[in-house]
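Visitor: Below: one structure in structure tokens.
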Amino acid sequence: MQRFVMVLGFGVLAASSGATAQTSAGASAAAVDSGGPVTRLAAAPAIVGEGVISTPAEEFKATVSPDGQTLMYVVTDHRFRHMTIAQSHLRGTAWSTPTVADFSGVWRDGDPAFAPDGRTLVFISNRPFPGDTGHVQRHNYNMWRIARHSDGTWGTPAPFASTVNTDTSSFAPSLTATGTLYFSRGDVIYRSALVNGEYAAPQPLPFHGGDPSISADERFIIFDAATPAGNTNLFVSCRTPAGWTTPSRFLEPVSSKFDEGDPWISADGHWLYFYSTRFAAAPDRAPRPRRATYDEIEREALGNIYNGSRHLYQVDLSSLSCDHER
């Protein structure tokens with residue numbers, strides 16, 4: 001996905017060797033079309049917090065605490081001139097009015113992702129490292145982590161070590177339950193194992209894509225990549241003893257003719273969050289019965305969230321299974 005000027009555009013997904021996804025009873029349907037394996041979920045996506053979380057602005061990369069009570073995501077304008085991590089809390093069945101996360105709002109911050117235990121959040125930022133002179137922004141995006149205390153307050157952000165942070169921008173850090181780190185650079189997805197408290201040299205996965213999210217048990221990964229049609233869709237690959245399966249593209253209604261990206265898998269593996277630019281064409285407004293005021297036309301202009309910008313969606317992953325691949 002082409003969010004930032006320093007990001008290379010993704011090419012068409014290139015699947016490597018590995019077992020091809022197969023159809024099994026009770027699992028999500030998988031077949032092969034001209035573009036490779038495809039997967040259809042039983043459920044349909046629902047927009048997240050219409051008018052509160054999903055607004056006429058650009059929202060992407062949602063992540064939810066394991067207890068389901070805190071939602072973190074990124075807000076920006078249509079030109080991506082800034083990026084800020086926002087947070088909202090569940091009040092009954094609705095999300096509260098968002099606020100800026102305590103550790104965000106100064107630098108360009110993005111791609112938040114809760115660790116499966118909820119005690120750590122990882123994200124990217126162009127903020128300076130501790131010890132940098134001049135306290136100026138870095139030229140690239142690095143991966144950071146921050147502790148979340150039991151009372152919901154936050155610790156102090158710290159950058160990942162130089163074994164995984166380099167001069168090339170990194171995106172979409174995602175952690176397994178054992179602390180293994182996945183992330184992307186350009187259209188390459190990397191895995192870095194946590195060994196004796198240190199991250200090992202990252203190893204590339206055998207297929208192309210970006211913005212990965214790994215399941216807590218490391219059994220499957222969901223990521224975005226460009227399609228032959230020129231848009232961006234979501235793909236899934238299962239991790240098996242023989243290696244990663246050939247990535248399978250999600251069919252409608254998860255994917256669409258518009259762009260979908262920045263997936264995140266809930267800690268229990270039951271929910272997928274992502275952004276989509278989908279919208280339905282609406283008829284022109286009928287003539288007004290009287291001359292409108294400026295406030296009225298402004299409300300009309302800003303009141304429709306389905307304007308082609310990124311909004312957040314969630315979908316039930318219960319019908320997705322990798323059991324037949326093991």
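Chain labels A, B, ... are given in the sequence in which chains occur in the structure tokens; within each chain residues are numbered consecutively from 1, and ligands are likewise numbered from 1 in the order shown.
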Skip Arg119 (chain A) itself and residues of its chain fewer than 4 positions away, then list as a list in words all residues within 12 Å of it, counting only C-alpha atoms.

Guide: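 Once the adjacent positions are removed, what remains is Ser65, Pro66, Asp67, Ala113, Phe114, Ala115, Arg145, Ile146, Ala147, Arg148, His149, Ser150, Asp151, Gly152, Thr153, Trp154, Gly155, Leu175, Ala177, Gly179 and Ala267 of chain A.
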
Visitor: I need the helix (DSSP H, G or I) residues of region 236-308 of chain A per DSSP on the backbone, written as an mmCIF file with C-alpha atoms, in the first residue's frame.

Guide:
```cif
data_model
loop_
_atom_site.group_PDB
_atom_site.id
_atom_site.type_symbol
_atom_site.label_atom_id
_atom_site.label_comp_id
_atom_site.auth_asym_id
_atom_site.auth_seq_id
_atom_site.Cartn_x
_atom_site.Cartn_y
_atom_site.Cartn_z
ATOM 1 C CA TYR A 294 -23.284 27.505 4.495
ATOM 2 C CA ASP A 295 -23.519 25.359 7.640
ATOM 3 C CA GLU A 296 -25.997 23.087 5.870
ATOM 4 C CA ILE A 297 -23.865 22.566 2.777
ATOM 5 C CA GLU A 298 -20.808 21.982 4.949
ATOM 6 C CA ARG A 299 -22.665 19.301 6.912
ATOM 7 C CA GLU A 300 -23.714 17.706 3.627
ATOM 8 C CA ALA A 301 -20.143 17.740 2.340
ATOM 9 C CA LEU A 302 -18.654 16.269 5.516
ATOM 10 C CA GLY A 303 -21.512 14.045 6.598
#
```

Visitor: As a VMD selection string, list the residues of region 91-265 of chain A assigned to strand (DSSP E or B) by DSSP on the backbone atoms of this structure.

Guide: chain A and resid 91 94 to 95 99 to 100 109 to 114 120 to 125 142 to 148 154 158 to 159 171 to 175 181 to 185 188 to 192 194 to 195 198 to 199 203 to 208 210 to 214 220 to 226 232 to 240 243 to 244 248 to 250 260 to 265

Visitor: Excluding Val236 (chain A) and residues on its chain fewer than 5 positions from it, collect all residues at most 10 Å away from it, counting only C-alpha atoms, and give them as a list in words.

Guide: Ala21, Pro37, Val38, Thr39, Pro212, Ser213, Ile214, Phe220, Ile221, Ile222, Phe223, Asp224, Trp244, Thr245, Thr246, Pro247, Ser248, Arg249, Phe250 and Leu320 of chain A

Visitor: For Pro253 (chain A), work out the shell of residues within 10 Å, counting only C-alpha atoms and skipping chain neighbours fewer than 5 positions away, then give it as a list in words.

Guide: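 Non-adjacent residues within range: Arg40, Leu41, Ala42, Ala43, Ala44, Pro45 and Val315 of chain A.
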
Visitor: For the selection you just gave me, I'd like the residues written to a file as a tab-separated table (two decimals), in the first residue's frame, keeping C-alpha atoms.

Guide:
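As a result, part16.tsv now contains:
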```
chain	number	residue	atom	x	y	z
A	40	ARG	CA	-14.19	-16.89	0.92
A	41	LEU	CA	-15.27	-16.25	4.50
A	42	ALA	CA	-18.75	-17.13	5.66
A	43	ALA	CA	-19.26	-13.73	7.30
A	44	ALA	CA	-19.49	-10.27	5.78
A	45	PRO	CA	-17.45	-7.28	7.03
A	315	VAL	CA	-15.08	-9.52	9.92
```

Visitor: Tell me which of A:Glu58, A:Glu50, A:Asp268, A:Asp132 sits closest to Gly118 (chain A), counting only C-alpha atoms.

Guide: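 Residue with the minimum atom-to-atom distance to Gly118 (chain A): A:Asp268.
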
Visitor: Go through A:Arg288, A:Arg310, A:Glu59, A:Val106 and flag the residue nearest Ser276 (chain A), using only C-alpha atoms for the distances.

Guide: A:Arg310

Visitor: List the spatial neighbours of Arg91 (chain A) as a PDB file with C-alpha atoms, in the first residue's frame - criterion: any atom at most 12 Å away, only C-alpha atoms, same-chain residues fewer than 2 positions off excluded.

Guide:
```pdb
ATOM      1  CA  GLY A  49     -17.919   2.831  14.665  1.00  0.00           C
ATOM      2  CA  GLY A  68     -11.990  -6.044  23.622  1.00  0.00           C
ATOM      3  CA  GLN A  69     -12.249  -2.753  25.501  1.00  0.00           C
ATOM      4  CA  THR A  70      -9.657  -0.521  23.795  1.00  0.00           C
ATOM      5  CA  LEU A  71      -9.358   0.250  20.086  1.00  0.00           C
ATOM      6  CA  SER A  88     -11.303   4.697  21.843  1.00  0.00           C
ATOM      7  CA  HIS A  89     -12.918   2.623  24.587  1.00  0.00           C
ATOM      8  CA  THR A  93     -21.916  -1.682  22.730  1.00  0.00           C
ATOM      9  CA  ALA A  94     -20.501   1.525  21.213  1.00  0.00           C
ATOM     10  CA  TRP A  95     -17.044   3.044  20.879  1.00  0.00           C
ATOM     11  CA  SER A  96     -16.399   6.263  22.781  1.00  0.00           C
ATOM     12  CA  THR A  97     -15.336   9.529  21.180  1.00  0.00           C
ATOM     13  CA  PRO A  98     -11.686   8.970  20.220  1.00  0.00           C
TER      14      PRO A  98
END
```

Visitor: What separation in Å, quoted to one decimal, exists between CA of Asp167 (chain A) and CA of Pro202 (chain A)?

Guide: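 Pair CA of Asp167 (chain A) / CA of Pro202 (chain A) returns 14.4 Å.
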
Visitor: Just give me the gap between CA of Phe60 (chain A) and CA of Tyr306 (chain A) in Å, one decimal is fine.

Guide: 14.4 Å

Visitor: Write out as a Markdown table a residue-level contact list of region 24-131 of chain A versus region 258-266 of chain A with cut-off 7 Å: for each qualifying residue the closest pair of atoms and the distance in Å to one decimal, counting only C-alpha atoms, rows sorted by chain and residue number upward.

Guide:
```
| residue | atom | partner | partner_atom | distance |
| --- | --- | --- | --- | --- |
| A:Phe60 | CA | A:Asp262 | CA | 6.7 |
| A:Lys61 | CA | A:Asp262 | CA | 5.2 |
| A:Ala62 | CA | A:Trp264 | CA | 6.8 |
| A:Thr63 | CA | A:Trp264 | CA | 6.3 |
| A:Val64 | CA | A:Ser266 | CA | 6.8 |
```

Visitor: Please dump the current selection as a compact mmCIF listing (two decimals), in the first residue's frame; keep C-alpha atoms.

Guide:
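Output below, filename part-v1.txt:
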```txt
# COMPACT_ATOMS: atom_id res chain seq x y z
CA PHE A 60 -6.43 2.64 9.01
CA LYS A 61 -4.66 -0.08 11.00
CA ALA A 62 -7.08 -0.91 13.79
CA THR A 63 -5.94 -3.02 16.74
CA VAL A 64 -8.03 -4.05 19.75
```
